[in-house]
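Student: The file below is final.txt, compact mmCIF, C-alpha atoms and all ligand atoms:
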```
# COMPACT_ATOMS: atom_id res chain seq x y z
CA MET A 1 8.31 -66.48 9.42
CA ALA A 2 7.19 -63.00 8.44
CA ASP A 3 4.77 -63.06 11.38
CA GLU A 4 7.58 -63.93 13.79
CA VAL A 5 9.64 -61.02 12.55
CA VAL A 6 6.72 -58.67 13.06
CA ALA A 7 6.06 -60.06 16.55
CA GLY A 8 9.73 -59.82 17.38
CA ARG A 9 10.03 -56.22 16.24
CA TRP A 10 6.78 -54.76 17.51
CA GLY A 11 5.09 -57.26 19.81
CA GLY A 12 7.72 -57.97 22.47
CA THR A 13 8.46 -55.81 25.45
CA ASP A 14 12.25 -56.00 25.29
CA VAL A 15 12.90 -54.93 21.70
CA ASP A 16 15.03 -51.97 20.88
CA PHE A 17 12.88 -50.66 18.02
CA GLY A 18 13.49 -47.16 16.83
CA GLU A 19 17.20 -47.41 17.42
CA GLU A 20 18.31 -48.99 14.13
CA GLY A 21 21.61 -47.52 13.05
CA GLY A 22 21.50 -44.90 15.83
CA ARG A 23 20.88 -42.07 13.39
CA LEU A 24 17.78 -39.93 13.76
CA THR A 25 16.10 -39.94 17.17
CA TYR A 26 13.01 -38.21 18.52
CA GLY A 27 15.16 -35.73 20.40
CA SER A 28 17.63 -35.02 17.63
CA TYR A 29 14.90 -34.63 14.98
CA LEU A 30 12.97 -32.14 17.13
CA ARG A 31 16.18 -30.53 18.44
CA LEU A 32 14.90 -30.97 21.98
CA PRO A 33 18.21 -30.30 23.76
CA GLN A 34 18.22 -26.87 22.11
CA LEU A 35 14.47 -26.24 22.50
CA LEU A 36 14.33 -27.23 26.16
CA ASP A 37 17.35 -25.08 26.98
CA GLN A 38 15.65 -21.83 25.93
CA GLN A 39 13.65 -21.04 29.07
CA ARG A 40 15.82 -18.62 31.07
CA LEU A 41 14.22 -16.82 33.98
CA GLU A 42 14.90 -13.13 34.71
CA SER A 43 13.82 -13.43 38.34
CA ASP A 44 16.37 -14.24 41.04
CA PRO A 45 15.48 -16.04 43.22
CA PRO A 46 13.33 -17.75 40.58
CA ALA A 47 9.63 -16.83 40.70
CA HIS A 48 7.64 -20.06 40.36
CA ASP A 49 5.29 -18.75 37.63
CA GLU A 50 7.92 -17.25 35.34
CA LEU A 51 8.51 -20.59 33.61
CA LEU A 52 4.82 -20.67 32.66
CA PHE A 53 5.01 -17.09 31.39
CA ILE A 54 8.02 -17.85 29.17
CA THR A 55 6.61 -21.17 27.95
CA ILE A 56 3.28 -19.61 26.94
CA HIS A 57 5.02 -16.88 24.95
CA GLN A 58 7.39 -19.31 23.25
CA VAL A 59 4.46 -21.53 22.26
CA TYR A 60 2.69 -18.43 20.84
CA GLU A 61 5.72 -17.57 18.75
CA LEU A 62 5.96 -21.15 17.39
CA TRP A 63 2.30 -20.99 16.36
CA PHE A 64 2.83 -17.51 14.89
CA LYS A 65 5.57 -19.04 12.74
CA GLN A 66 3.16 -21.73 11.56
CA VAL A 67 0.40 -19.17 10.93
CA LEU A 68 2.77 -17.07 8.79
CA HIS A 69 3.74 -20.21 6.86
CA GLU A 70 0.09 -21.03 6.14
CA LEU A 71 -1.04 -17.46 5.42
CA THR A 72 1.85 -16.92 3.01
CA ALA A 73 0.95 -20.13 1.17
CA SER A 74 -2.75 -19.18 1.15
CA ARG A 75 -1.89 -15.75 -0.28
CA ASN A 76 0.23 -17.40 -2.97
CA ALA A 77 -2.55 -19.87 -3.77
CA MET A 78 -4.95 -16.95 -4.28
CA LEU A 79 -2.44 -15.23 -6.57
CA ASN A 80 -2.39 -18.48 -8.61
CA ASN A 81 -6.20 -18.63 -8.50
CA GLU A 82 -6.07 -21.93 -6.57
CA LEU A 83 -9.19 -21.27 -4.55
CA TRP A 84 -9.59 -24.66 -2.87
CA LEU A 85 -6.04 -24.63 -1.54
CA ALA A 86 -6.33 -21.03 -0.34
CA GLN A 87 -9.45 -21.75 1.77
CA HIS A 88 -8.05 -25.10 2.97
CA LEU A 89 -4.97 -23.38 4.44
CA LEU A 90 -7.06 -20.59 5.97
CA ARG A 91 -9.17 -23.19 7.76
CA ARG A 92 -6.03 -24.61 9.37
CA VAL A 93 -5.13 -21.09 10.48
CA HIS A 94 -8.58 -20.70 12.09
CA THR A 95 -7.98 -23.81 14.19
CA ILE A 96 -4.61 -22.53 15.36
CA GLU A 97 -6.13 -19.11 16.13
CA ARG A 98 -8.83 -20.70 18.30
CA THR A 99 -6.10 -22.55 20.18
CA LEU A 100 -4.17 -19.29 20.67
CA THR A 101 -7.17 -17.64 22.26
CA GLN A 102 -7.87 -20.66 24.48
CA GLN A 103 -4.29 -20.61 25.73
CA VAL A 104 -5.12 -17.45 27.66
CA ASP A 105 -6.93 -19.80 30.10
CA ILE A 106 -3.59 -21.33 31.07
CA LEU A 107 -1.92 -17.98 31.70
CA GLU A 108 -4.91 -16.86 33.78
CA THR A 109 -4.14 -19.60 36.30
CA MET A 110 -1.38 -17.17 37.34
CA THR A 111 -2.53 -14.65 39.98
CA PRO A 112 -1.69 -10.93 39.71
CA GLN A 113 0.35 -11.26 42.92
CA ASP A 114 2.45 -14.09 41.48
CA PHE A 115 2.90 -12.12 38.20
CA GLY A 116 3.99 -9.18 40.35
CA GLU A 117 6.91 -11.25 41.65
CA PHE A 118 8.71 -10.93 38.30
CA ARG A 119 6.78 -8.33 36.24
CA HIS A 120 9.11 -5.48 37.28
CA ARG A 121 12.01 -7.40 35.71
CA LEU A 122 10.40 -7.41 32.25
CA SER A 123 10.36 -3.69 31.47
CA PRO A 124 10.80 -2.31 28.79
CA ALA A 125 10.03 -5.62 27.02
CA SER A 126 6.44 -6.39 26.03
CA GLY A 127 4.33 -8.24 23.49
CA PHE A 128 4.29 -4.99 21.52
CA GLN A 129 7.73 -6.06 20.30
CA SER A 130 6.53 -9.36 18.79
CA VAL A 131 7.77 -9.13 15.21
CA GLN A 132 5.82 -12.17 14.05
CA PHE A 133 2.57 -10.78 15.52
CA ARG A 134 3.05 -7.62 13.47
CA GLU A 135 4.00 -9.68 10.38
CA ILE A 136 0.67 -11.50 10.68
CA GLU A 137 -1.16 -8.16 10.82
CA PHE A 138 0.74 -6.78 7.82
CA LEU A 139 0.27 -9.95 5.75
CA SER A 140 -3.41 -10.06 6.63
CA ALA A 141 -3.83 -6.47 5.32
CA ALA A 142 -3.42 -4.17 8.34
CA LYS A 143 -0.22 -2.52 7.10
CA ASP A 144 0.80 0.28 9.42
CA PRO A 145 4.42 1.40 8.84
CA SER A 146 4.35 3.46 12.04
CA PHE A 147 4.72 0.19 13.99
CA VAL A 148 8.11 -0.40 12.38
CA ARG A 149 9.24 3.06 13.51
CA ARG A 150 7.85 2.56 17.03
CA PHE A 151 9.63 -0.77 17.55
CA ARG A 152 12.57 -0.52 19.90
CA GLY A 153 15.53 -2.87 19.66
CA LEU A 154 14.79 -4.51 16.32
CA THR A 155 17.66 -6.36 14.68
CA ASP A 156 18.43 -5.53 11.04
CA ALA A 157 17.00 -8.91 10.03
CA GLU A 158 13.73 -8.19 11.87
CA THR A 159 13.43 -4.74 10.28
CA ALA A 160 14.00 -6.34 6.86
CA ARG A 161 11.29 -8.94 7.54
CA LEU A 162 8.78 -6.25 8.46
CA GLU A 163 9.70 -4.08 5.43
CA LEU A 164 9.18 -7.12 3.20
CA ARG A 165 5.74 -7.71 4.70
CA LEU A 166 4.84 -4.07 4.05
CA ASP A 167 5.92 -4.35 0.40
CA GLU A 168 4.48 -7.74 -0.55
CA PRO A 169 0.84 -8.40 -1.52
CA SER A 170 -1.47 -8.93 1.46
CA LEU A 171 -4.20 -11.55 1.67
CA TRP A 172 -6.64 -8.83 0.65
CA ASP A 173 -4.57 -7.89 -2.43
CA ALA A 174 -4.55 -11.57 -3.38
CA PHE A 175 -8.31 -11.87 -2.83
CA LEU A 176 -8.86 -8.89 -5.16
CA ALA A 177 -6.81 -10.78 -7.76
CA VAL A 178 -9.22 -13.71 -7.31
CA LEU A 179 -12.19 -11.38 -7.87
CA GLY A 180 -10.48 -10.00 -10.98
CA HIS A 181 -9.91 -13.53 -12.26
CA ALA A 182 -13.62 -14.25 -11.76
CA GLY A 183 -14.37 -11.33 -14.09
CA PHE A 184 -15.12 -8.56 -11.60
CA ALA A 185 -13.81 -5.00 -11.64
CA THR A 186 -11.91 -4.18 -8.41
CA ASP A 187 -10.56 -0.68 -9.10
CA THR A 188 -12.78 1.17 -6.58
CA GLU A 189 -14.37 0.30 -3.23
CA ASP A 190 -17.79 0.54 -4.91
CA SER A 191 -16.86 -1.94 -7.61
CA ILE A 192 -15.43 -4.34 -4.99
CA GLY A 193 -18.68 -4.00 -3.02
CA ASP A 194 -20.67 -4.80 -6.18
CA ALA A 195 -18.46 -7.84 -6.85
CA LEU A 196 -18.96 -9.14 -3.31
CA ARG A 197 -22.73 -8.70 -3.48
CA LYS A 198 -22.83 -10.54 -6.83
CA ALA A 199 -20.74 -13.43 -5.51
CA ALA A 200 -22.89 -13.60 -2.36
CA GLY A 201 -26.08 -13.57 -4.40
CA ASP A 202 -25.06 -16.28 -6.86
CA ARG A 203 -23.31 -18.97 -4.85
CA ALA A 204 -24.12 -21.61 -7.46
CA HIS A 205 -21.75 -19.72 -9.73
CA TYR A 206 -19.34 -18.14 -7.29
CA GLY A 207 -19.34 -20.72 -4.49
CA ALA A 208 -15.55 -20.96 -4.26
CA VAL A 209 -15.14 -17.17 -4.19
CA TRP A 210 -17.82 -16.88 -1.48
CA GLU A 211 -16.18 -19.62 0.64
CA LEU A 212 -12.87 -17.81 0.40
CA ALA A 213 -14.43 -14.50 1.44
CA GLU A 214 -16.00 -16.27 4.43
CA ALA A 215 -12.65 -17.85 5.37
CA LEU A 216 -11.01 -14.40 5.31
CA LEU A 217 -13.79 -12.97 7.45
CA GLN A 218 -13.35 -15.84 9.91
CA HIS A 219 -9.62 -15.10 10.15
CA ASP A 220 -10.50 -11.45 10.85
CA GLU A 221 -13.08 -12.39 13.49
CA LEU A 222 -10.68 -14.79 15.26
CA ALA A 223 -7.95 -12.13 15.37
CA ALA A 224 -10.47 -9.72 16.92
CA ALA A 225 -11.45 -12.40 19.46
CA TRP A 226 -7.80 -12.78 20.51
CA ARG A 227 -7.43 -9.01 21.00
CA ALA A 228 -10.61 -8.92 23.10
CA ARG A 229 -9.47 -11.87 25.24
CA HIS A 230 -5.98 -10.42 25.67
CA VAL A 231 -7.20 -7.04 26.92
CA VAL A 232 -9.52 -8.61 29.49
CA MET A 233 -6.66 -10.79 30.71
CA VAL A 234 -4.52 -7.64 30.95
CA GLU A 235 -7.18 -5.88 33.05
CA ARG A 236 -7.33 -8.92 35.32
CA MET A 237 -3.54 -9.00 35.72
CA ILE A 238 -2.54 -5.33 35.92
CA GLY A 239 -5.77 -3.28 36.07
CA THR A 240 -5.14 0.24 34.81
CA LYS A 241 -1.36 0.22 35.28
CA PRO A 242 0.73 1.36 32.30
CA GLY A 243 2.36 -1.45 30.29
CA THR A 244 5.97 -2.55 30.59
CA GLY A 245 6.31 -1.54 26.94
CA GLY A 246 5.58 2.10 27.82
CA SER A 247 1.97 2.31 26.59
CA SER A 248 -1.10 3.21 28.66
CA GLY A 249 -1.75 -0.53 28.99
CA ALA A 250 -5.40 -1.62 28.72
CA THR A 251 -6.42 1.80 27.34
CA TYR A 252 -4.01 1.36 24.42
CA LEU A 253 -5.15 -2.22 23.86
CA ARG A 254 -8.83 -1.17 23.88
CA SER A 255 -8.03 1.37 21.15
CA ARG A 256 -7.04 -1.57 18.92
CA LEU A 257 -10.22 -3.58 19.39
CA ASP A 258 -12.01 -2.00 16.41
CA LEU A 259 -9.25 -3.01 13.99
CA ARG A 260 -10.65 -5.03 11.09
CA TYR A 261 -8.53 -6.54 8.31
CA TYR A 262 -11.35 -6.61 5.75
CA PRO A 263 -13.80 -3.73 6.37
CA LEU A 264 -15.48 -4.28 3.00
CA LEU A 265 -16.38 -7.86 3.95
CA TRP A 266 -18.02 -6.47 7.11
CA ASP A 267 -19.79 -3.66 5.18
CA LEU A 268 -21.22 -6.30 2.89
CA ARG A 269 -23.28 -7.73 5.79
CA SER A 270 -25.40 -4.57 5.89
CA SER A 271 -26.57 -5.10 2.34
CA LEU A 272 -27.24 -8.84 2.33
C1 LIG B 1 0.14 -11.54 32.07
C2 LIG B 1 -0.17 -11.58 30.80
C3 LIG B 1 -0.08 -10.38 29.90
C4 LIG B 1 -0.16 -9.06 30.21
C5 LIG B 1 -0.38 -8.41 31.57
C6 LIG B 1 0.03 -8.34 28.99
C7 LIG B 1 0.01 -6.96 28.90
C8 LIG B 1 0.18 -6.24 27.74
C9 LIG B 1 0.20 -4.80 27.65
C10 LIG B 1 0.02 -3.85 28.81
C11 LIG B 1 0.42 -4.47 26.35
C12 LIG B 1 0.56 -3.07 25.75
C13 LIG B 1 2.03 -2.79 25.49
C14 LIG B 1 2.76 -2.33 26.74
O1 LIG B 1 2.80 -1.11 26.99
O2 LIG B 1 3.30 -3.19 27.47
C15 LIG B 1 0.51 -5.71 25.60
C16 LIG B 1 0.69 -5.82 24.25
C17 LIG B 1 0.78 -6.99 23.57
N1 LIG B 1 0.80 -8.27 24.10
FE1 LIG B 1 0.48 -8.75 26.01
N2 LIG B 1 0.19 -9.22 27.97
C18 LIG B 1 0.13 -10.48 28.48
C19 LIG B 1 0.28 -11.67 27.78
C20 LIG B 1 0.48 -11.77 26.44
C21 LIG B 1 0.64 -13.00 25.70
C22 LIG B 1 0.57 -14.40 26.26
C23 LIG B 1 0.86 -12.66 24.41
C24 LIG B 1 1.10 -13.63 23.31
C25 LIG B 1 2.06 -13.49 22.43
C26 LIG B 1 0.84 -11.23 24.32
C27 LIG B 1 1.03 -10.50 23.18
C28 LIG B 1 0.93 -9.14 23.08
C29 LIG B 1 0.98 -8.42 21.83
C30 LIG B 1 1.12 -9.03 20.45
C31 LIG B 1 0.87 -7.08 22.13
C32 LIG B 1 0.81 -5.92 21.14
C33 LIG B 1 -0.66 -5.67 20.80
C34 LIG B 1 -0.90 -4.53 19.85
O3 LIG B 1 -0.04 -3.66 19.65
O4 LIG B 1 -2.02 -4.50 19.30
N3 LIG B 1 0.61 -10.72 25.56
N4 LIG B 1 0.37 -6.76 26.47
N1 LIG B 2 3.34 -5.85 28.91
C1 LIG B 2 3.06 -6.65 30.08
C2 LIG B 2 4.21 -7.62 30.33
C3 LIG B 2 4.05 -8.73 29.38
O1 LIG B 2 3.00 -9.31 29.33
C4 LIG B 2 5.15 -9.14 28.52
C5 LIG B 2 6.46 -8.83 28.88
C6 LIG B 2 7.52 -9.28 28.12
C7 LIG B 2 7.28 -10.05 26.99
C8 LIG B 2 6.00 -10.35 26.64
C9 LIG B 2 4.92 -9.89 27.39
N2 LIG B 2 3.66 -10.23 26.99
C10 LIG B 2 2.71 -9.39 26.51
O2 LIG B 2 2.76 -8.20 26.51
C11 LIG B 2 2.80 -5.79 31.30
O3 LIG B 2 2.77 -4.58 31.18
O4 LIG B 2 2.59 -6.36 32.37
```
Could you render the structure as structure tokens?
Tutor:
Amino acid sequence: MADEVVAGRWGGTDVDFGEEGGRLTYGSYLRLPQLLDQQRLESDPPAHDELLFITIHQVYELWFKQVLHELTASRNAMLNNELWLAQHLLRRVHTIERTLTQQVDILETMTPQDFGEFRHRLSPASGFQSVQFREIEFLSAAKDPSFVRRFRGLTDAETARLELRLDEPSLWDAFLAVLGHAGFATDTEDSIGDALRKAAGDRAHYGAVWELAEALLQHDELAAAWRARHVVMVERMIGTKPGTGGSSGATYLRSRLDLRYYPLLWDLRSSL
């Protein structure tokens, strides 16, 4: 009898499973009517590739939201000295970050000529105005308040989000708390350097601290890889033209390639 019920519910081809009670559905749970109604082209007549351009950016912003969710939780885990959880969440972020860099491949199937069909409609908008991108930088440790001032067209809620990210502890602040908890002094750059060398040199003792430092460095390296990939894509698409956001374009983006979230973790390499 039980077998018949199972066969009837899942085995047949004409069953209406998934519709019991007509409450939650795939589309209503994921809010697909709303989500799939958010791709509005600026070009008129519609440029074929603009849908791809919008889709890519929307997907980026969804992943940025997830990255912020994970980085915030990882930071909090470090503040609670939960080292396993902190590195576990950072590893998820790494996987997302690799995906974000790979996505450039999809956008590069667009030719500069086809981008040119709608690019002039985008000005003065640009990725420079991505609030979540800047939140990720601030939370990671690269806090630069001048970006908040240079943003044009921020809503009050967006300004408040950025101010909060500037005020709250970064991942680096939280990592220093972990070092402090492990018994190290962290009041000067020299003492932090000593702590890192000690942890690196005694992994039997400080394995969890070392793993966490490596996970932070990986996050830093993957962010740098995205910046490098983005600027080469930009050179392929627009050469040396200025950006729609009003910057010098690739020259500005190249000036950001040396940014590192955790310079002391990179300095450490020279003394290992
Ligand atoms: C055709 C593809 C793209 C081109 C030609 C392009 C071009 C540019 C340029 C020229 C800038 C400098 C700001 C300006 O003056 O406009 C910039 C900044 C930026 N773009 Fe893109 N971009 C492209 C795709 C993307 C994608 C897919 C993302 C993903 C979200 C993105 C995110 C950003 C971010 C976050 C910045 C600010 C970087 C910083 O300040 O360090 N861009 N982009
Ligand atoms: N800044 C780009 C245009 C661009 O890519 C863009 C335009 C509006 C919203 C997001 C964008 N993506 C990255 O900058 C350009 O100068 O061609």
Student: Please, which residues in chain A fall within 7 Å of ligand LIG 2 (chain B) when counting all atoms listed in the file, and what is the closest atom pair and distance in Å to one decimal for each, ordered by chain then residue number, as JSON lines?
Tutor:
```
{"residue": "A:His57", "atom": "CA", "partner": "B:LIG2", "partner_atom": "C8", "distance": 6.8}
{"residue": "A:Arg119", "atom": "CA", "partner": "B:LIG2", "partner_atom": "O4", "distance": 6.0}
{"residue": "A:Leu122", "atom": "CA", "partner": "B:LIG2", "partner_atom": "C6", "distance": 5.4}
{"residue": "A:Ser123", "atom": "CA", "partner": "B:LIG2", "partner_atom": "C5", "distance": 7.0}
{"residue": "A:Ala125", "atom": "CA", "partner": "B:LIG2", "partner_atom": "C6", "distance": 4.6}
{"residue": "A:Ser126", "atom": "CA", "partner": "B:LIG2", "partner_atom": "C6", "distance": 3.7}
{"residue": "A:Gly127", "atom": "CA", "partner": "B:LIG2", "partner_atom": "O2", "distance": 3.4}
{"residue": "A:Phe128", "atom": "CA", "partner": "B:LIG2", "partner_atom": "O2", "distance": 6.1}
{"residue": "A:Ile238", "atom": "CA", "partner": "B:LIG2", "partner_atom": "O4", "distance": 6.3}
{"residue": "A:Pro242", "atom": "CA", "partner": "B:LIG2", "partner_atom": "O3", "distance": 6.4}
{"residue": "A:Gly243", "atom": "CA", "partner": "B:LIG2", "partner_atom": "O3", "distance": 3.3}
{"residue": "A:Thr244", "atom": "CA", "partner": "B:LIG2", "partner_atom": "O3", "distance": 3.8}
{"residue": "A:Gly245", "atom": "CA", "partner": "B:LIG2", "partner_atom": "N1", "distance": 5.6}
{"residue": "A:Gly249", "atom": "CA", "partner": "B:LIG2", "partner_atom": "O3", "distance": 6.5}
```
Student: Kindly work out which residues sit at most 9 Å from ligand LIG 1 (chain B), using only C-alpha atoms and all ligand atoms, and give the list as a ChimeraX atom specification.
Tutor: /A:53-54,56-61,64,100,103-104,107-108,110-112,115,119,123-134,147,227,230-231,233-257
Student: Tell me which of A:Ala182, A:Leu36, A:Val93, A:Val232 sits closest to Asp105 (chain A), counting only C-alpha atoms.
Tutor: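 Ranking A:Ala182, A:Leu36, A:Val93, A:Val232 by distance to Asp105 (chain A), first place goes to A:Val232.
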Student: Between CA of Phe138 (chain A) and CA of Asn80 (chain A), what is the distance in Å, rounded to a tenth?
Tutor: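 Going from CA of Phe138 (chain A) over to CA of Asn80 (chain A) covers 20.4 Å.
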Student: Please report the interatomic distance between CA of Glu135 (chain A) and CA of Leu166 (chain A) in Å with one decimal.
Tutor: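 Here the two named atoms are 8.5 Å from each other.
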Student: Which one of A:Val148, A:Ile136, A:Leu71, A:Ala223 sits closest to Ala160 (chain A) if you count all atoms listed in the file?
Tutor: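 Checking each candidate against Ala160 (chain A), we get A:Val148 as the closest.
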Student: Which residue gives the smallest distance to Leu52 (chain A) among A:Leu265, A:Phe118, A:Tyr26, A:Thr159, with only C-alpha atoms counted?
Tutor: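 Smallest distance to Leu52 (chain A) is found for A:Phe118.
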Student: CA of Arg75 (chain A) to CA of Leu176 (chain A): how many Å, to one decimal?
Tutor: 10.9 Å
Student: From the set A:Gly193, A:Pro263, A:Gly116, A:Pro145, which residue has the shortest atom-to-atom contact distance to Leu179 (chain A), counting only C-alpha atoms?
Tutor: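 Residue with the minimum atom-to-atom distance to Leu179 (chain A): A:Gly193.
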Student: Please identify every residue of region 71-165 of chain A that has at least one atom no farther than 12 Å from an atom of region 204-214 of chain A, counting all atoms listed in the file, and for each give the shortest atom pair and the distance in Å to one decimal, arranged by chain then increasing number, as a tab-separated table.
Tutor:
```
residue	atom	partner	partner_atom	distance
A:Ser74	CA	A:Leu212	CA	10.2
A:Arg75	CA	A:Leu212	CA	11.2
A:Ala77	CA	A:Leu212	CA	11.3
A:Met78	CA	A:Leu212	CA	9.2
A:Asn81	CA	A:Val209	CA	10.0
A:Glu82	CA	A:Ala208	CA	9.8
A:Leu83	CA	A:Ala208	CA	6.4
A:Trp84	CA	A:Ala208	CA	7.2
A:Leu85	CA	A:Leu212	CA	9.8
A:Ala86	CA	A:Leu212	CA	7.3
A:Gln87	CA	A:Leu212	CA	5.4
A:His88	CA	A:Leu212	CA	9.1
A:Leu89	CA	A:Leu212	CA	10.5
A:Leu90	CA	A:Leu212	CA	8.5
A:Arg91	CA	A:Leu212	CA	9.8
A:His94	CA	A:Glu214	CA	11.5
```
Student: Between A:Thr25, A:Leu139, A:Ala47, A:Arg40, which has the minimum distance to His69 (chain A) (counting all atoms listed in the file)?
Tutor: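 Among the listed residues, A:Leu139 lies closest to His69 (chain A).
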Student: Would you mind telling me which residue in A:Thr101, A:Ser170, A:Thr95, A:Thr72 lies nearest to Ala215 (chain A) when using all atoms listed in the file?
Tutor: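 Checking each candidate against Ala215 (chain A), we get A:Thr95 as the closest.
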Student: Name the residues in contact with Arg260 (chain A) at a cut-off of 8 Å, using all atoms listed in the file, excluding same-chain residues fewer than 6 positions from it; report them as a list of chain:residue names.
Tutor: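 Result of the neighbour search: A:Ala142, A:Asp220, A:Ala224.
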Student: Complete region 90-113 of chain A with N, CA and C atoms (output as a PDB file, in the frame of the given file).
Tutor:
```pdb
ATOM      1  N   LEU A  90      -6.460 -21.548   5.025  1.00  0.00           N
ATOM      2  CA  LEU A  90      -7.060 -20.590   5.970  1.00  0.00           C
ATOM      3  C   LEU A  90      -7.813 -21.319   7.074  1.00  0.00           C
ATOM      4  N   ARG A  91      -8.453 -22.434   6.724  1.00  0.00           N
ATOM      5  CA  ARG A  91      -9.170 -23.190   7.760  1.00  0.00           C
ATOM      6  C   ARG A  91      -8.218 -23.752   8.814  1.00  0.00           C
ATOM      7  N   ARG A  92      -7.035 -24.158   8.390  1.00  0.00           N
ATOM      8  CA  ARG A  92      -6.030 -24.610   9.370  1.00  0.00           C
ATOM      9  C   ARG A  92      -5.644 -23.440  10.286  1.00  0.00           C
ATOM     10  N   VAL A  93      -5.483 -22.274   9.685  1.00  0.00           N
ATOM     11  CA  VAL A  93      -5.130 -21.090  10.480  1.00  0.00           C
ATOM     12  C   VAL A  93      -6.221 -20.810  11.524  1.00  0.00           C
ATOM     13  N   HIS A  94      -7.479 -20.942  11.128  1.00  0.00           N
ATOM     14  CA  HIS A  94      -8.580 -20.700  12.090  1.00  0.00           C
ATOM     15  C   HIS A  94      -8.421 -21.594  13.324  1.00  0.00           C
ATOM     16  N   THR A  95      -8.092 -22.860  13.070  1.00  0.00           N
ATOM     17  CA  THR A  95      -7.980 -23.810  14.190  1.00  0.00           C
ATOM     18  C   THR A  95      -6.845 -23.402  15.119  1.00  0.00           C
ATOM     19  N   ILE A  96      -5.741 -22.983  14.538  1.00  0.00           N
ATOM     20  CA  ILE A  96      -4.610 -22.530  15.360  1.00  0.00           C
ATOM     21  C   ILE A  96      -5.036 -21.279  16.146  1.00  0.00           C
ATOM     22  N   GLU A  97      -5.736 -20.368  15.471  1.00  0.00           N
ATOM     23  CA  GLU A  97      -6.130 -19.110  16.130  1.00  0.00           C
ATOM     24  C   GLU A  97      -7.076 -19.378  17.310  1.00  0.00           C
ATOM     25  N   ARG A  98      -7.960 -20.356  17.163  1.00  0.00           N
ATOM     26  CA  ARG A  98      -8.830 -20.700  18.300  1.00  0.00           C
ATOM     27  C   ARG A  98      -7.994 -21.215  19.472  1.00  0.00           C
ATOM     28  N   THR A  99      -6.993 -22.026  19.142  1.00  0.00           N
ATOM     29  CA  THR A  99      -6.100 -22.550  20.180  1.00  0.00           C
ATOM     30  C   THR A  99      -5.356 -21.405  20.871  1.00  0.00           C
ATOM     31  N   LEU A 100      -4.916 -20.425  20.093  1.00  0.00           N
ATOM     32  CA  LEU A 100      -4.170 -19.290  20.670  1.00  0.00           C
ATOM     33  C   LEU A 100      -5.032 -18.522  21.663  1.00  0.00           C
ATOM     34  N   THR A 101      -6.294 -18.358  21.340  1.00  0.00           N
ATOM     35  CA  THR A 101      -7.170 -17.640  22.260  1.00  0.00           C
ATOM     36  C   THR A 101      -7.428 -18.474  23.521  1.00  0.00           C
ATOM     37  N   GLN A 102      -7.606 -19.795  23.322  1.00  0.00           N
ATOM     38  CA  GLN A 102      -7.870 -20.660  24.480  1.00  0.00           C
ATOM     39  C   GLN A 102      -6.688 -20.715  25.443  1.00  0.00           C
ATOM     40  N   GLN A 103      -5.481 -20.526  24.885  1.00  0.00           N
ATOM     41  CA  GLN A 103      -4.290 -20.610  25.730  1.00  0.00           C
ATOM     42  C   GLN A 103      -4.270 -19.560  26.826  1.00  0.00           C
ATOM     43  N   VAL A 104      -5.044 -18.490  26.632  1.00  0.00           N
ATOM     44  CA  VAL A 104      -5.120 -17.450  27.660  1.00  0.00           C
ATOM     45  C   VAL A 104      -5.599 -18.071  28.986  1.00  0.00           C
ATOM     46  N   ASP A 105      -6.471 -19.100  28.891  1.00  0.00           N
ATOM     47  CA  ASP A 105      -6.930 -19.800  30.100  1.00  0.00           C
ATOM     48  C   ASP A 105      -5.759 -20.261  30.958  1.00  0.00           C
ATOM     49  N   ILE A 106      -4.727 -20.784  30.296  1.00  0.00           N
ATOM     50  CA  ILE A 106      -3.590 -21.330  31.070  1.00  0.00           C
ATOM     51  C   ILE A 106      -2.875 -20.201  31.794  1.00  0.00           C
ATOM     52  N   LEU A 107      -2.649 -19.084  31.074  1.00  0.00           N
ATOM     53  CA  LEU A 107      -1.920 -17.980  31.700  1.00  0.00           C
ATOM     54  C   LEU A 107      -2.733 -17.376  32.842  1.00  0.00           C
ATOM     55  N   GLU A 108      -4.068 -17.430  32.721  1.00  0.00           N
ATOM     56  CA  GLU A 108      -4.910 -16.860  33.780  1.00  0.00           C
ATOM     57  C   GLU A 108      -4.956 -17.718  35.043  1.00  0.00           C
ATOM     58  N   THR A 109      -4.290 -18.871  35.032  1.00  0.00           N
ATOM     59  CA  THR A 109      -4.140 -19.600  36.300  1.00  0.00           C
ATOM     60  C   THR A 109      -3.068 -18.935  37.169  1.00  0.00           C
ATOM     61  N   MET A 110      -2.364 -17.951  36.573  1.00  0.00           N
ATOM     62  CA  MET A 110      -1.380 -17.170  37.340  1.00  0.00           C
ATOM     63  C   MET A 110      -2.125 -16.011  38.017  1.00  0.00           C
ATOM     64  N   THR A 111      -1.872 -15.776  39.294  1.00  0.00           N
ATOM     65  CA  THR A 111      -2.530 -14.650  39.980  1.00  0.00           C
ATOM     66  C   THR A 111      -1.733 -13.365  39.734  1.00  0.00           C
ATOM     67  N   PRO A 112      -2.411 -12.207  39.864  1.00  0.00           N
ATOM     68  CA  PRO A 112      -1.690 -10.930  39.710  1.00  0.00           C
ATOM     69  C   PRO A 112      -0.527 -10.821  40.698  1.00  0.00           C
ATOM     70  N   GLN A 113      -0.727 -11.349  41.920  1.00  0.00           N
ATOM     71  CA  GLN A 113       0.350 -11.260  42.920  1.00  0.00           C
ATOM     72  C   GLN A 113       1.575 -12.055  42.451  1.00  0.00           C
TER      73      GLN A 113
END
```
